[in-house]
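One file, target36.json, carrying JSON, C-alpha atoms:
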[["chain", "number", "residue", "atom", "x", "y", "z"],
["S", 5, "MET", "CA", -176.21, -196.42, 20.64],
["S", 6, "GLU", "CA", -174.56, -196.38, 24.05],
["S", 7, "ALA", "CA", -172.81, -193.08, 23.28],
["S", 8, "LEU", "CA", -176.07, -191.54, 22.15],
["S", 9, "LYS", "CA", -177.88, -192.86, 25.22],
["S", 10, "GLY", "CA", -175.19, -191.36, 27.47],
["S", 11, "LEU", "CA", -175.45, -188.01, 25.69],
["S", 12, "VAL", "CA", -179.23, -187.87, 26.01],
["S", 13, "GLU", "CA", -179.24, -188.87, 29.68],
["S", 14, "THR", "CA", -176.52, -186.38, 30.70],
["S", 15, "PRO", "CA", -178.06, -183.22, 32.20],
["S", 16, "LEU", "CA", -177.15, -179.90, 30.61],
["S", 17, "PRO", "CA", -174.98, -177.45, 32.55],
["S", 18, "GLU", "CA", -176.76, -174.57, 34.29],
["S", 19, "ARG", "CA", -175.57, -172.07, 31.68],
["S", 20, "TYR", "CA", -177.94, -173.62, 29.15],
["S", 21, "GLY", "CA", -181.41, -172.35, 29.91],
["S", 22, "CYS", "CA", -184.57, -173.96, 28.76],
["S", 23, "ILE", "CA", -186.80, -172.28, 26.28],
["S", 24, "ASP", "CA", -189.99, -171.31, 28.04],
["S", 25, "ILE", "CA", -193.07, -171.49, 25.90],
["S", 26, "GLU", "CA", -195.80, -169.16, 27.03],
["S", 27, "ASP", "CA", -199.17, -170.75, 27.32],
["S", 28, "LYS", "CA", -201.53, -168.99, 25.01],
["S", 29, "ALA", "CA", -204.63, -168.37, 27.03],
["S", 30, "VAL", "CA", -207.84, -168.74, 25.12],
["S", 31, "VAL", "CA", -209.94, -165.63, 25.46],
["S", 32, "SER", "CA", -213.65, -165.95, 24.87],
["S", 33, "ASP", "CA", -215.49, -163.81, 22.34],
["S", 34, "LYS", "CA", -217.56, -162.43, 25.21],
["S", 35, "GLU", "CA", -214.47, -161.19, 27.06],
["S", 36, "VAL", "CA", -213.10, -159.56, 23.92],
["S", 37, "ARG", "CA", -216.48, -157.95, 23.17],
["S", 38, "CYS", "CA", -216.79, -156.58, 26.72],
["S", 39, "TYR", "CA", -213.29, -155.10, 26.61],
["S", 40, "LEU", "CA", -213.84, -153.57, 23.18],
["S", 41, "LEU", "CA", -217.14, -152.00, 24.22],
["S", 42, "SER", "CA", -215.80, -150.69, 27.53],
["S", 43, "LYS", "CA", -212.78, -149.08, 25.84],
["S", 44, "SER", "CA", -214.86, -147.51, 23.08],
["S", 45, "GLY", "CA", -217.72, -146.45, 25.33],
["S", 46, "ALA", "CA", -220.22, -148.12, 23.00],
["S", 47, "LYS", "CA", -223.26, -149.87, 24.46],
["S", 48, "SER", "CA", -223.40, -152.62, 21.82],
["S", 49, "ILE", "CA", -221.56, -153.86, 18.76],
["S", 50, "THR", "CA", -224.14, -152.03, 16.62],
["S", 51, "SER", "CA", -223.28, -148.73, 18.31],
["S", 52, "PHE", "CA", -219.56, -149.58, 18.00],
["S", 53, "LEU", "CA", -220.02, -149.99, 14.26],
["S", 54, "SER", "CA", -221.56, -146.52, 14.05],
["S", 55, "LEU", "CA", -218.33, -144.96, 15.37],
["S", 56, "ASP", "CA", -215.86, -143.30, 13.02],
["S", 57, "LYS", "CA", -213.81, -145.92, 11.08],
["S", 58, "CYS", "CA", -210.54, -144.50, 12.40],
["S", 59, "MET", "CA", -211.75, -144.83, 15.99],
["S", 60, "GLN", "CA", -212.97, -148.38, 15.31],
["S", 61, "LYS", "CA", -209.54, -149.34, 14.00],
["S", 62, "THR", "CA", -207.83, -147.80, 17.03],
["S", 63, "PHE", "CA", -210.00, -149.72, 19.49],
["S", 64, "ILE", "CA", -209.74, -152.96, 17.49],
["S", 65, "SER", "CA", -205.95, -152.69, 17.33],
["S", 66, "GLU", "CA", -205.70, -151.99, 21.06],
["S", 67, "THR", "CA", -207.97, -154.91, 21.90],
["S", 68, "MET", "CA", -206.05, -157.29, 19.65],
["S", 69, "ARG", "CA", -202.75, -156.29, 21.30],
["S", 70, "CYS", "CA", -204.11, -156.45, 24.84],
["S", 71, "TYR", "CA", -205.80, -159.84, 24.52],
["S", 72, "ARG", "CA", -203.56, -161.29, 21.81],
["S", 73, "VAL", "CA", -206.50, -162.22, 19.66],
["S", 74, "GLY", "CA", -206.28, -162.72, 15.94],
["S", 75, "PRO", "CA", -208.21, -161.18, 13.08],
["S", 76, "ARG", "CA", -210.59, -164.13, 12.77],
["S", 77, "GLN", "CA", -211.82, -163.83, 16.33],
["S", 78, "MET", "CA", -212.04, -160.05, 16.07],
["S", 79, "SER", "CA", -214.06, -160.46, 12.90],
["S", 80, "ARG", "CA", -216.47, -162.78, 14.71],
["S", 81, "VAL", "CA", -216.82, -160.35, 17.61],
["S", 82, "THR", "CA", -217.36, -157.19, 15.57],
["S", 83, "GLY", "CA", -218.97, -158.45, 12.39],
["S", 84, "ILE", "CA", -216.32, -156.58, 10.37],
["S", 85, "SER", "CA", -214.85, -158.69, 7.59],
["S", 86, "TYR", "CA", -211.66, -160.64, 8.22],
["S", 87, "SER", "CA", -209.83, -158.95, 5.34],
["S", 88, "VAL", "CA", -210.53, -155.46, 6.73],
["S", 89, "ILE", "CA", -209.36, -156.40, 10.23],
["S", 90, "GLN", "CA", -206.31, -158.17, 8.88],
["S", 91, "ARG", "CA", -205.12, -154.89, 7.33],
["S", 92, "ILE", "CA", -205.40, -152.91, 10.59],
["S", 93, "PRO", "CA", -201.89, -152.12, 11.85],
["S", 94, "LYS", "CA", -201.14, -153.64, 15.21]]
Mind turning the file's structure into structure tokens?
Amino acid sequence: MEALKGLVETPLPERYGCIDIEDKAVVSDKEVRCYLLSKSGAKSITSFLSLDKCMQKTFISETMRCYRVGPRQMSRVTGISYSVIQRIPK
């Protein structure tokens, strides 16, 4: 036990860096919706849904990358099903 205690209490040399874990900021649905609408030029989610499907996918993909949001949140924001959004390439 003493050997283990000594090992645990001994500081690591400088050459061993610590692993930094990025804090995942929680982004509200409202923020995501505003960004998506501003990028697409749509006035509302309803008008966004009337855009061409290819354009929708492009804007959704860009928004997901920019804000690091997942398909579930994007599904909530847009009203598009989770399974459709999950298949959009990032």
Using only C-alpha atoms, find each residue of region 56-93 of chain S with at least one atom at most 9 Å away from an atom of region 24-48 of chain S; report its shortest atom-to-atom pair and that distance in Å (one decimal), sort the rows by chain and rising residue number, and return the result as a tab-separated table.
residue	atom	partner	partner_atom	distance
S:Met59	CA	S:Ser44	CA	8.2
S:Gln60	CA	S:Ser44	CA	8.0
S:Phe63	CA	S:Ser44	CA	6.4
S:Ile64	CA	S:Leu40	CA	7.0
S:Glu66	CA	S:Leu40	CA	8.6
S:Thr67	CA	S:Leu40	CA	6.2
S:Met68	CA	S:Val36	CA	8.5
S:Tyr71	CA	S:Val31	CA	7.2
S:Arg72	CA	S:Val31	CA	8.5
S:Val73	CA	S:Val31	CA	7.6
S:Gln77	CA	S:Asp33	CA	7.0
S:Met78	CA	S:Val36	CA	7.9
S:Arg80	CA	S:Asp33	CA	7.8
S:Val81	CA	S:Asp33	CA	6.0
S:Thr82	CA	S:Arg37	CA	7.7
### Task
Give me, please, the distance in Å between CA of Lys61 (chain S) and CA of Gln90 (chain S), quoted to one decimal.
10.7 Å
### From S:Gly10, S:Thr50, S:Ser65, S:Cys58, residue lying nearest Lys94 (chain S) [all atoms listed in the file]
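Once distances to Lys94 (chain S) are computed over all atoms listed in the file, the minimum belongs to S:Ser65.
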Could the centre and edge lengths of an axis-aligned box, enclosing all atoms of region 43-51 of chain S in the file with 5 Å extra on each side, be given in Å to one decimal as JSON?
{"center_x": -218.5, "center_y": -150.2, "center_z": 21.2, "size_x": 21.4, "size_y": 17.4, "size_z": 19.2}
#### Entry: Gap from CA of Ile92 (chain S) to CA of Ser51 (chain S) - Å, one decimal
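Straight-line distance from CA of Ile92 (chain S) to CA of Ser51 (chain S) works out to 19.9 Å.
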### Task
Could you check how far CA of Gly74 (chain S) sits from CA of Tyr86 (chain S), in Å to one decimal?
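One can read the CA of Gly74 (chain S) to CA of Tyr86 (chain S) distance as 9.6 Å.
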What would chain S look like if you wrote it out as a tab-separated table (two decimals), in the first residue's frame, with C-alpha atoms included, from the block I just posted?
chain	number	residue	atom	x	y	z
S	5	MET	CA	0.00	0.00	0.00
S	6	GLU	CA	2.84	2.38	0.80
S	7	ALA	CA	4.39	1.87	-2.64
S	8	LEU	CA	1.06	2.53	-4.31
S	9	LYS	CA	0.48	5.61	-2.17
S	10	GLY	CA	3.92	6.94	-3.12
S	11	LEU	CA	3.24	6.31	-6.80
S	12	VAL	CA	-0.10	8.10	-6.72
S	13	GLU	CA	1.22	11.10	-4.80
S	14	THR	CA	4.30	11.58	-7.02
S	15	PRO	CA	3.68	14.32	-9.62
S	16	LEU	CA	4.15	13.41	-13.27
S	17	PRO	CA	7.07	14.90	-15.19
S	18	GLU	CA	6.30	17.88	-17.46
S	19	ARG	CA	6.58	15.74	-20.59
S	20	TYR	CA	3.31	14.02	-19.68
S	21	GLY	CA	0.50	16.37	-20.59
S	22	CYS	CA	-2.96	16.16	-19.23
S	23	ILE	CA	-5.85	15.27	-21.43
S	24	ASP	CA	-8.04	18.31	-21.79
S	25	ILE	CA	-11.71	17.57	-22.08
S	26	GLU	CA	-13.62	20.22	-23.93
S	27	ASP	CA	-16.73	21.38	-22.21
S	28	LYS	CA	-19.66	20.71	-24.44
S	29	ALA	CA	-21.69	23.86	-24.39
S	30	VAL	CA	-25.41	23.32	-24.43
S	31	VAL	CA	-26.99	25.23	-27.27
S	32	SER	CA	-30.66	26.06	-26.99
S	33	ASP	CA	-33.17	25.09	-29.65
S	34	LYS	CA	-33.88	28.78	-30.15
S	35	GLU	CA	-30.23	29.54	-30.98
S	36	VAL	CA	-30.06	26.64	-33.42
S	37	ARG	CA	-33.34	27.70	-35.05
S	38	CYS	CA	-32.17	31.32	-35.43
S	39	TYR	CA	-28.88	30.24	-37.00
S	40	LEU	CA	-30.59	27.81	-39.37
S	41	LEU	CA	-33.11	30.41	-40.49
S	42	SER	CA	-30.51	33.15	-40.92
S	43	LYS	CA	-28.27	30.90	-43.03
S	44	SER	CA	-31.13	29.66	-45.19
S	45	GLY	CA	-32.83	33.04	-45.53
S	46	ALA	CA	-36.14	31.52	-44.44
S	47	LYS	CA	-38.51	33.55	-42.27
S	48	SER	CA	-39.84	30.56	-40.31
S	49	ILE	CA	-39.41	26.81	-39.98
S	50	THR	CA	-42.47	26.39	-42.22
S	51	SER	CA	-40.80	28.39	-44.99
S	52	PHE	CA	-37.55	26.46	-44.38
S	53	LEU	CA	-39.45	23.22	-44.95
S	54	SER	CA	-40.69	24.53	-48.29
S	55	LEU	CA	-37.09	24.83	-49.56
S	56	ASP	CA	-35.61	22.22	-51.87
S	57	LYS	CA	-34.65	19.04	-49.93
S	58	CYS	CA	-31.03	19.29	-51.06
S	59	MET	CA	-30.79	22.86	-49.75
S	60	GLN	CA	-32.43	21.83	-46.47
S	61	LYS	CA	-29.84	19.09	-46.01
S	62	THR	CA	-26.99	21.50	-46.75
S	63	PHE	CA	-28.19	24.03	-44.17
S	64	ILE	CA	-28.94	21.33	-41.59
S	65	SER	CA	-25.51	19.79	-42.02
S	66	GLU	CA	-23.79	23.17	-41.72
S	67	THR	CA	-25.77	24.05	-38.60
S	68	MET	CA	-25.03	20.71	-36.96
S	69	ARG	CA	-21.30	21.14	-37.61
S	70	CYS	CA	-21.20	24.75	-36.48
S	71	TYR	CA	-23.13	24.26	-33.23
S	72	ARG	CA	-22.20	20.62	-32.62
S	73	VAL	CA	-25.81	19.63	-32.19
S	74	GLY	CA	-27.06	16.12	-32.70
S	75	PRO	CA	-29.82	14.74	-34.87
S	76	ARG	CA	-32.35	14.63	-32.03
S	77	GLN	CA	-32.09	18.34	-31.34
S	78	MET	CA	-32.12	19.16	-35.05
S	79	SER	CA	-35.23	17.03	-35.42
S	80	ARG	CA	-36.92	18.98	-32.62
S	81	VAL	CA	-35.96	22.30	-34.18
S	82	THR	CA	-37.00	21.51	-37.75
S	83	GLY	CA	-39.80	19.00	-37.32
S	84	ILE	CA	-38.00	16.66	-39.74
S	85	SER	CA	-37.86	13.09	-38.49
S	86	TYR	CA	-34.82	11.91	-36.55
S	87	SER	CA	-34.13	9.08	-39.00
S	88	VAL	CA	-33.98	11.47	-41.98
S	89	ILE	CA	-31.63	13.88	-40.19
S	90	GLN	CA	-29.46	11.04	-38.94
S	91	ARG	CA	-28.73	10.05	-42.56
S	92	ILE	CA	-27.60	13.55	-43.60
S	93	PRO	CA	-23.82	13.50	-44.15
S	94	LYS	CA	-21.95	15.80	-41.82
